[in-house]
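Here's the structure, in structure tokens; my notes come after.
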Amino acid sequence: MSKPKVAFFDFACCEGCQLQVANLGEMVLDLIDIVDIVEFREVMSEKWDGEFDVSFIEGSITDEHAVERVKKIREKSKILVALGSCATIGGVNGMKNSFNLEEAGRYVYGEAYKFFPTIHTKAVHQVVRVDYFINGCPIYQPEFLTVLKCILKGLPYYVPEYPVCVECKLNENVCMYDRGLTCMGPVTKAGCNSWCINNGNICYGCRGLTINPNSQGFKDVLKKFGIPEDFLMKKIEMYNKCKELDES
Amino acid sequence: MSRNVNINVNYLTRVEGHGNIVVKIKDGKLDECKLEIVESPRFFEAFLRGRSIFEAPHITCRICGICSCGHTLASIQAAEDALGIKPTEQTTLLRKLLLHYEELDSHILHIYLLVAPDLLGVPSFVPLVKSHLNVVKRALKMKRLCNELCDILVGRHVHPISAVIGGFSKLPSTQDLEQMHGKLVELEKDMEDTVELFASLRFPEFERDTEYVGLINDEKEYPLLYGDIGSTDGYRVSKYDYKVVVNEFVVPHASAKRTKWHRESYAVGALARFNLNYEKLHPKAKEAATALNIKPKCINPYLNTVAQIVESVHCIEDAKSIIENIWQKGINYDEIVIPDINQKGAFPLRAGEGVGAVEVPRGLLIHHYECDERGIITGANCVIPTNQNTHNIELDMVDLIPKIMDKSEEEITLALEMLVRAYDPCISCSVHMIDLRID
Ligand code: SF4
Ligand code: SF4
Ligand code: SF4
């Protein structure tokens, strides 16, 4: 049996999630043993014209050209995976959506902003069908490997719906709320093994919300911790602004 | 000989981000030559406005996955400058250590995975698995060691977790120091083999003099974390005057913003630093330079990769001494900070303006912020190394093409691709300022 043909494509993003894959170190050799990586532009010159068994999409969709490109990739791919938060939830690129696009363009590029046609940032599933989601900014390598195994075995992967707090408690961290800080852990999807809290920082919510920020449940969480609503909304926007597009 | 050649390299591979090379040769003369940036802009400077300055490092490091520690450090420096926060000696040492890890990680990726395939005549590292398994294994191992160093110090390499405004949210234990030191010793050996390998490989020969720009200061050590901005033409200005240096201009026949200082263009990066601060390199790095047959002032842009190898030797050695130094002093764990967005008021706020100027793997990086009295960002500007190099790369191509015009189209294309790759351009960063040219 021939090895599955796997490709990596990047859209608007920092390419840090591809790098997390390249950063697997010697494990990369095991990886190319079981799959045939046919395109990975960041580190390979090879290109492939045929169909892809698995395509990883990194980055958000932020212009019309990208919309067309991702649709073409979808047509040619048996399985399409959104890799990293830019792809799964829009991530930091979504913050742009709070601004008037023309004004934002002018601010960065001056009058030349016209050469940078842009649209509201979208997550990949807001443009084409996505089969697997790997959250994180950046992705957490152990989870990437788990999802990859599921894909190769044809099994579904269920993104954890419980919050980062569950992992954080298991890691026996002192809770940030007990230190008077505001952590996004209670409303953020787990799967990173409470990465940031283990390293002394708060959770910024990079893996996406477990609950709808407009829901009563969410408001109860805020009340419980005595946090003003607008204060947390700003924090939520850092990664989750594109969620609005799902709801509209 | 009259000859027509059209070269269109779409989606240049093995560089960060998306770039196209367009070259038109008409009747044996160079008619058009440009490096296009086609990445979708992400508008970081625009959406920073209205956010707490304490969030700036977390957000701006996501401009680029490869230099994310560099962005973090430039961002912290700019924010602390605006707020009037002075880092402690321990913090400064640990930041220098982090920056060494960053240079190493990025240089090794570039040297092995991005440049070596060209020199060994293959399209990527994949065919090397068959032909040069030892080289591939060494590269991947070195890459892993760099990652592990960052994991220990700041939680991860892509988007460091514990390097924050005010210091670190986690400080290394003595065991961590020991482990990091051990990994650096391992890297040291692999680096010796790296020098040997690259000393045996041939780089293209091409020379074009230009102004090399980077940080300089009056201290004994090789400047990476702070300094004034200097050039090989003998100029020196404070980082606050960076706008004088980057001096943006628009190419008349196009809408592209480029930079120049005293000449038509200038270059930043490992080769610029090597040319400016060779004397301050670690003795072992100087030995490596001799072995690799490079000395200042070197004006062959292809040798930027060689300068990266020399710098890697320096970073390993200096990182070791920093760790030994910290070890002797002992770590003060009372310095741990978690700024979040300063809701506890741990840092006094003030309206202000700050500039961060840091040498990241690809060259001089500037972050510049303004904030109001609540610490809310009112203005932001980032100047990325690749933006500063684009015009210089294009002028190199204009100079190079007539010299290789009689070669086959494939050879010309490869020579140009290799030239662009030598600068290690980080195009996902550079879209912040560079404008796409529309014909
Ligand atoms: S999700 Fe984060 S790390 Fe991954 S590509 Fe996007 S910005 Fe980079
Ligand atoms: S520190 Fe954050 S993630 Fe951990 S338990 Fe507290 S709120 Fe949850
Ligand atoms: S702790 Fe929070 S911010 Fe950090 S990686 Fe996990 S989900 Fe992302």
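Going through the structure tokens in order, the chains are called A, B, and so on, while each chain numbers its residues from 1 and the ligands are numbered from 1 in the order shown.
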
Requested in this report: Find the residues around Ile341 in chain B up to 12 Å (only C-alpha atoms counted), leave out those fewer than 3 positions away in its own chain, and share them as an MDAnalysis selection string.
Outcome: (chainID A and resid 180:183 201:202 204 231:232 234:235) or (chainID B and resid 51:58 164:166 337:338 344:347 349 374:376)

Could you please take those selected residues and save C-alpha atoms as a tab-separated table (two decimals), in the first residue's frame?
```
chain	number	residue	atom	x	y	z
A	180	GLY	CA	-5.69	38.05	42.15
A	181	LEU	CA	-5.13	37.57	38.42
A	182	THR	CA	-7.60	36.89	35.61
A	183	CYS	CA	-7.04	33.61	33.78
A	201	ASN	CA	1.70	32.73	33.27
A	202	ILE	CA	-2.06	33.07	32.90
A	204	TYR	CA	-4.77	33.76	27.31
A	231	PHE	CA	-12.90	43.60	30.81
A	232	LEU	CA	-13.15	39.94	29.95
A	234	LYS	CA	-11.56	42.36	25.54
A	235	LYS	CA	-9.51	39.37	26.63
B	51	ARG	CA	-5.12	47.10	23.95
B	52	SER	CA	-3.10	47.16	27.16
B	53	ILE	CA	0.61	47.65	26.55
B	54	PHE	CA	1.13	44.66	28.86
B	55	GLU	CA	-0.42	42.48	26.16
B	56	ALA	CA	1.91	43.74	23.42
B	57	PRO	CA	4.62	41.06	23.77
B	58	HIS	CA	2.05	38.25	23.77
B	164	VAL	CA	7.17	39.05	30.24
B	165	ILE	CA	7.24	42.76	30.93
B	166	GLY	CA	9.10	43.21	34.22
B	337	VAL	CA	6.42	38.54	38.04
B	338	ILE	CA	3.07	37.85	36.39
B	344	LYS	CA	-3.07	44.62	40.54
B	345	GLY	CA	-1.18	47.81	39.82
B	346	ALA	CA	2.23	46.22	40.39
B	347	PHE	CA	3.79	48.61	37.87
B	349	LEU	CA	1.65	53.60	34.75
B	374	ARG	CA	-3.76	54.00	31.59
B	375	GLY	CA	-1.19	52.01	29.63
B	376	ILE	CA	-3.49	51.65	26.63
```

Requested in this report: Kindly work out which residues sit at most 7 Å from ligand 2, using only C-alpha atoms and all ligand atoms, and give the list as a PyMOL selection string.
Outcome: chain A and resi 164-165+168-169+173-177+183-186+194+197+202-203

Query raised in the report: Neighbours of Pro156 in chain A within 9 Å (only C-alpha atoms; same-chain residues fewer than 2 positions away dropped), as a ChimeraX atom specification?
Result: /A:131-132,147,150-151,153-154,158

Generate the output file for the selected residues, N, CA, C and O atoms, as a compact mmCIF listing (two decimals), in the first residue's frame.
```
# COMPACT_ATOMS: atom_id res chain seq x y z
N ASP A 131 -12.44 18.65 8.34
CA ASP A 131 -12.65 17.33 8.92
C ASP A 131 -12.06 17.18 10.32
O ASP A 131 -12.59 16.46 11.14
N TYR A 132 -10.92 17.83 10.55
CA TYR A 132 -10.29 17.72 11.87
C TYR A 132 -9.83 19.11 12.32
O TYR A 132 -9.37 19.90 11.50
N VAL A 147 -3.88 13.45 17.00
CA VAL A 147 -4.82 13.68 15.91
C VAL A 147 -4.32 12.98 14.64
O VAL A 147 -5.09 12.34 13.93
N CYS A 150 -5.20 9.41 14.70
CA CYS A 150 -6.62 9.23 14.40
C CYS A 150 -6.87 9.33 12.90
O CYS A 150 -7.59 8.51 12.33
N ILE A 151 -6.28 10.34 12.28
CA ILE A 151 -6.50 10.56 10.84
C ILE A 151 -6.04 9.33 10.06
O ILE A 151 -6.77 8.81 9.21
N LYS A 153 -5.69 6.33 11.02
CA LYS A 153 -6.49 5.14 11.29
C LYS A 153 -7.94 5.31 10.86
O LYS A 153 -8.76 4.42 11.05
N GLY A 154 -8.28 6.50 10.37
CA GLY A 154 -9.65 6.77 9.95
C GLY A 154 -10.61 6.95 11.11
O GLY A 154 -11.81 6.75 10.97
N TYR A 158 -12.08 13.95 18.84
CA TYR A 158 -12.97 14.90 19.50
C TYR A 158 -12.15 15.90 20.29
O TYR A 158 -11.42 15.55 21.21
```

Requested in this report: Quick one: everything within 9 Å of Ala163 in chain B, counting only C-alpha atoms, minus sequence neighbours fewer than 6 positions away in the same chain. Send it as a VMD selection string.
Outcome: chain B and resid 57 69 72 to 73 76 95 98 153 to 154 169 to 170

Any chance you could export the current selection's all heavy atoms as an mmCIF file, in the first residue's frame?
```
data_model
loop_
_atom_site.group_PDB
_atom_site.id
_atom_site.type_symbol
_atom_site.label_atom_id
_atom_site.label_comp_id
_atom_site.auth_asym_id
_atom_site.auth_seq_id
_atom_site.Cartn_x
_atom_site.Cartn_y
_atom_site.Cartn_z
ATOM 1 N N PRO B 57 3.700 42.154 24.104
ATOM 2 C CA PRO B 57 4.622 41.058 23.767
ATOM 3 C C PRO B 57 3.884 39.775 23.372
ATOM 4 O O PRO B 57 4.273 39.105 22.410
ATOM 5 C CB PRO B 57 5.422 40.845 25.062
ATOM 6 C CG PRO B 57 5.328 42.133 25.800
ATOM 7 C CD PRO B 57 3.964 42.683 25.462
ATOM 8 N N CYS B 69 10.692 34.721 19.794
ATOM 9 C CA CYS B 69 11.397 35.178 21.004
ATOM 10 C C CYS B 69 12.006 36.561 20.758
ATOM 11 O O CYS B 69 12.030 37.405 21.651
ATOM 12 C CB CYS B 69 12.497 34.196 21.404
ATOM 13 S SG CYS B 69 11.871 32.577 21.884
ATOM 14 N N THR B 72 9.296 39.094 21.014
ATOM 15 C CA THR B 72 8.949 39.239 22.424
ATOM 16 C C THR B 72 9.932 40.197 23.102
ATOM 17 O O THR B 72 9.524 41.115 23.822
ATOM 18 C CB THR B 72 9.009 37.863 23.133
ATOM 19 O OG1 THR B 72 8.117 36.981 22.467
ATOM 20 C CG2 THR B 72 8.617 37.967 24.596
ATOM 21 N N LEU B 73 11.227 39.995 22.858
ATOM 22 C CA LEU B 73 12.233 40.811 23.530
ATOM 23 C C LEU B 73 12.190 42.266 23.050
ATOM 24 O O LEU B 73 12.335 43.197 23.851
ATOM 25 C CB LEU B 73 13.628 40.211 23.319
ATOM 26 C CG LEU B 73 13.858 38.893 24.082
ATOM 27 C CD1 LEU B 73 15.119 38.193 23.601
ATOM 28 C CD2 LEU B 73 13.931 39.136 25.587
ATOM 29 N N ILE B 76 9.020 43.784 24.654
ATOM 30 C CA ILE B 76 9.202 44.049 26.084
ATOM 31 C C ILE B 76 10.060 45.300 26.275
ATOM 32 O O ILE B 76 9.751 46.170 27.087
ATOM 33 C CB ILE B 76 9.865 42.832 26.783
ATOM 34 C CG1 ILE B 76 8.888 41.657 26.857
ATOM 35 C CG2 ILE B 76 10.351 43.208 28.177
ATOM 36 C CD1 ILE B 76 9.509 40.371 27.412
ATOM 37 N N ARG B 95 17.526 37.393 29.623
ATOM 38 C CA ARG B 95 17.058 37.810 28.292
ATOM 39 C C ARG B 95 18.146 37.605 27.252
ATOM 40 O O ARG B 95 17.862 37.209 26.118
ATOM 41 C CB ARG B 95 16.610 39.273 28.329
ATOM 42 C CG ARG B 95 15.266 39.425 29.001
ATOM 43 C CD ARG B 95 14.795 40.867 29.005
ATOM 44 N NE ARG B 95 13.538 40.958 29.753
ATOM 45 C CZ ARG B 95 13.057 42.079 30.253
ATOM 46 N NH1 ARG B 95 13.709 43.214 30.081
ATOM 47 N NH2 ARG B 95 11.912 42.065 30.925
ATOM 48 N N LEU B 98 18.106 34.015 26.416
ATOM 49 C CA LEU B 98 16.984 33.695 25.537
ATOM 50 C C LEU B 98 17.294 34.111 24.098
ATOM 51 O O LEU B 98 17.017 33.377 23.148
ATOM 52 C CB LEU B 98 15.705 34.390 26.038
ATOM 53 C CG LEU B 98 14.451 34.205 25.176
ATOM 54 C CD1 LEU B 98 14.087 32.727 25.044
ATOM 55 C CD2 LEU B 98 13.273 34.988 25.744
ATOM 56 N N LEU B 153 13.757 27.275 29.541
ATOM 57 C CA LEU B 153 13.865 28.668 29.966
ATOM 58 C C LEU B 153 12.522 29.402 29.948
ATOM 59 O O LEU B 153 12.200 30.114 30.894
ATOM 60 C CB LEU B 153 14.893 29.401 29.085
ATOM 61 C CG LEU B 153 15.259 30.826 29.497
ATOM 62 C CD1 LEU B 153 15.877 30.851 30.892
ATOM 63 C CD2 LEU B 153 16.227 31.463 28.499
ATOM 64 N N VAL B 154 11.753 29.260 28.872
ATOM 65 C CA VAL B 154 10.529 30.067 28.741
ATOM 66 C C VAL B 154 9.280 29.269 28.375
ATOM 67 O O VAL B 154 8.283 29.833 27.944
ATOM 68 C CB VAL B 154 10.720 31.196 27.697
ATOM 69 C CG1 VAL B 154 11.624 32.274 28.242
ATOM 70 C CG2 VAL B 154 11.249 30.658 26.376
ATOM 71 N N SER B 169 7.995 35.069 34.398
ATOM 72 C CA SER B 169 6.926 34.533 35.241
ATOM 73 C C SER B 169 7.347 33.186 35.839
ATOM 74 O O SER B 169 6.616 32.590 36.618
ATOM 75 C CB SER B 169 5.630 34.385 34.440
ATOM 76 O OG SER B 169 5.768 33.379 33.471
ATOM 77 N N LYS B 170 8.507 32.708 35.438
ATOM 78 C CA LYS B 170 9.048 31.462 35.982
ATOM 79 C C LYS B 170 10.555 31.588 35.886
ATOM 80 O O LYS B 170 11.055 32.117 34.897
ATOM 81 C CB LYS B 170 8.575 30.293 35.108
ATOM 82 C CG LYS B 170 8.970 28.925 35.605
ATOM 83 C CD LYS B 170 8.752 27.865 34.532
ATOM 84 C CE LYS B 170 9.886 27.861 33.502
ATOM 85 N NZ LYS B 170 9.834 26.714 32.586
#
```

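Minimum atom-to-atom distances from B:Glu45, B:Asp81, B:Glu36, B:Glu192 to Val108 in chain A were compared using only C-alpha atoms, and the lowest value belongs to B:Glu45.
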
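Distances to ligand 3 were evaluated for A:Thr188, A:Gln141, A:Ser85, A:Gln20 using only C-alpha atoms and all ligand atoms, and the minimum falls at A:Thr188.
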
What are the closest atom pairs, with distances in Å to one decimal, for each residue of chain B lying within 12 Å of ligand 3, using only C-alpha atoms and all ligand atoms, rows by chain and rising residue number, as CSV?
```
residue,atom,partner,partner_atom_place_in_ligand_line,distance
B:His58,CA,ligand 3,3 (S),9.9
B:Ile59,CA,ligand 3,3 (S),11.5
B:Gly155,CA,ligand 3,4 (Fe),10.0
B:Arg156,CA,ligand 3,5 (S),10.1
B:Val158,CA,ligand 3,5 (S),10.9
B:His159,CA,ligand 3,5 (S),9.6
B:Pro160,CA,ligand 3,4 (Fe),10.2
B:Ile161,CA,ligand 3,4 (Fe),7.8
B:Ser162,CA,ligand 3,4 (Fe),10.8
```

Residues from last step as file, N, CA and C atoms, as a PDB file, in the first residue's frame:
```pdb
ATOM      1  N   HIS B  58       2.803  39.455  24.084  1.00  0.00           N
ATOM      2  CA  HIS B  58       2.046  38.245  23.769  1.00  0.00           C
ATOM      3  C   HIS B  58       1.476  38.316  22.351  1.00  0.00           C
ATOM      4  N   ILE B  59       0.985  39.485  21.974  1.00  0.00           N
ATOM      5  CA  ILE B  59       0.378  39.610  20.647  1.00  0.00           C
ATOM      6  C   ILE B  59       1.444  39.699  19.550  1.00  0.00           C
ATOM      7  N   GLY B 155       9.333  27.939  28.522  1.00  0.00           N
ATOM      8  CA  GLY B 155       8.125  27.138  28.285  1.00  0.00           C
ATOM      9  C   GLY B 155       8.008  26.569  26.891  1.00  0.00           C
ATOM     10  N   ARG B 156       8.416  27.331  25.888  1.00  0.00           N
ATOM     11  CA  ARG B 156       8.414  26.819  24.508  1.00  0.00           C
ATOM     12  C   ARG B 156       9.120  27.826  23.623  1.00  0.00           C
ATOM     13  N   VAL B 158       8.245  28.455  20.169  1.00  0.00           N
ATOM     14  CA  VAL B 158       7.259  29.211  19.403  1.00  0.00           C
ATOM     15  C   VAL B 158       6.310  29.863  20.407  1.00  0.00           C
ATOM     16  N   HIS B 159       6.434  31.173  20.523  1.00  0.00           N
ATOM     17  CA  HIS B 159       5.648  31.991  21.438  1.00  0.00           C
ATOM     18  C   HIS B 159       5.967  31.680  22.907  1.00  0.00           C
ATOM     19  N   PRO B 160       7.122  32.198  23.327  1.00  0.00           N
ATOM     20  CA  PRO B 160       7.602  31.947  24.694  1.00  0.00           C
ATOM     21  C   PRO B 160       6.558  32.368  25.727  1.00  0.00           C
ATOM     22  N   ILE B 161       6.467  31.598  26.803  1.00  0.00           N
ATOM     23  CA  ILE B 161       5.412  31.847  27.782  1.00  0.00           C
ATOM     24  C   ILE B 161       5.872  32.746  28.921  1.00  0.00           C
ATOM     25  N   SER B 162       7.067  32.488  29.455  1.00  0.00           N
ATOM     26  CA  SER B 162       7.391  33.155  30.721  1.00  0.00           C
ATOM     27  C   SER B 162       8.245  34.412  30.600  1.00  0.00           C
TER      28      SER B 162
END
```

Query raised in the report: What lies within 10 Å of Ala74 in chain B using only C-alpha atoms, ignoring chain neighbours under 2 positions off, as a list in words?
Result: Pro57, Thr60, Cys61, Ser68, Cys69, Gly70, His71, Thr72, Ile76, Gln77, Ala78, Ala79, Glu80, Leu225, Tyr226, Val355, Gly356, Ala357, Val358, Glu359, Val360, Leu364, Leu365, Ile366, His367, His368 and Cys382 of chain B

Query raised in the report: Within 6 Å of ligand 1, counting only C-alpha atoms and all ligand atoms: which residues, as a VMD selection string?
Result: (chain A and resid 13 to 17 58 to 59 84 to 86 136 to 138) or (chain B and resid 62 65)

Would you mind listing what lies within 10 Å of Thr118 in chain A as a compact mmCIF listing (two decimals) with N, CA, C and O atoms, in the first residue's frame, with only C-alpha atoms counted and same-chain residues fewer than 6 positions away left out?
```txt
# COMPACT_ATOMS: atom_id res chain seq x y z
N ILE A 61 -8.24 32.93 6.78
CA ILE A 61 -8.60 33.38 5.44
C ILE A 61 -8.89 34.87 5.53
O ILE A 61 -9.81 35.29 6.22
N THR A 62 -8.05 35.68 4.85
CA THR A 62 -8.17 37.13 5.03
C THR A 62 -8.29 37.92 3.73
O THR A 62 -8.32 39.14 3.76
N ASP A 63 -8.31 37.24 2.59
CA ASP A 63 -8.61 37.98 1.35
C ASP A 63 -9.27 37.04 0.32
O ASP A 63 -9.30 35.82 0.51
N GLU A 64 -9.78 37.62 -0.74
CA GLU A 64 -10.55 36.84 -1.73
C GLU A 64 -9.68 35.77 -2.38
O GLU A 64 -10.13 34.67 -2.67
N HIS A 65 -8.43 36.12 -2.60
CA HIS A 65 -7.50 35.17 -3.21
C HIS A 65 -7.40 33.91 -2.35
O HIS A 65 -7.39 32.79 -2.85
N LEU A 101 -11.94 48.23 8.22
CA LEU A 101 -10.82 47.66 7.48
C LEU A 101 -10.02 48.71 6.71
O LEU A 101 -8.80 48.65 6.62
N GLU A 102 -10.72 49.68 6.16
CA GLU A 102 -10.02 50.71 5.39
C GLU A 102 -9.12 51.52 6.31
O GLU A 102 -7.96 51.80 6.00
N GLY A 105 -6.09 49.48 7.31
CA GLY A 105 -5.15 49.41 6.19
C GLY A 105 -4.35 50.69 6.06
O GLY A 105 -3.13 50.69 5.92
N SER B 40 -0.64 37.77 2.64
CA SER B 40 -1.75 38.60 3.09
C SER B 40 -1.35 39.36 4.35
O SER B 40 -0.87 38.76 5.30
N PRO B 41 -1.53 40.67 4.34
CA PRO B 41 -1.15 41.43 5.53
C PRO B 41 -2.06 41.11 6.71
O PRO B 41 -3.19 40.69 6.53
N ARG B 42 -1.54 41.27 7.91
CA ARG B 42 -2.31 40.89 9.09
C ARG B 42 -2.64 42.07 10.00
O ARG B 42 -3.35 41.91 10.97
N PHE B 43 -2.11 43.25 9.72
CA PHE B 43 -2.52 44.49 10.41
C PHE B 43 -2.25 44.54 11.91
O PHE B 43 -3.04 45.08 12.67
```

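Residue nearest chain A within the list B:Ser124, B:Gln179, B:Thr378, B:Asn277: B:Ser124 [criterion: smallest interatomic distance, only C-alpha atoms].
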
Requested in this report: Could you give me, as a PyMOL selection string, each residue of range 95-279 of chain B that DSSP assigns to helix (DSSP H, G or I) when run on this structure's backbone?
Outcome: chain B and resi 95-119+125-131+133-154+174-199+239-246+270-279

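The protein and nucleic acid residues lying at most 7 Å from Ala272 in chain B are Tyr212, Val213, Gly214, Ala267, Val268, Gly269, Asn275 and Leu276 of chain B, with only C-alpha atoms considered and sequence neighbours fewer than 3 positions away removed.
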
Requested in this report: Write down as a ChimeraX atom specification the residues of range 162-234 of chain B whose backbone DSSP state falls under strand (DSSP E).
Outcome: /B:163-164,167-168,211-216,228-231

Query raised in the report: CA of Asp220 in chain A and CA of Ala123 in chain A are how many Å apart?
Result: 27.7 Å
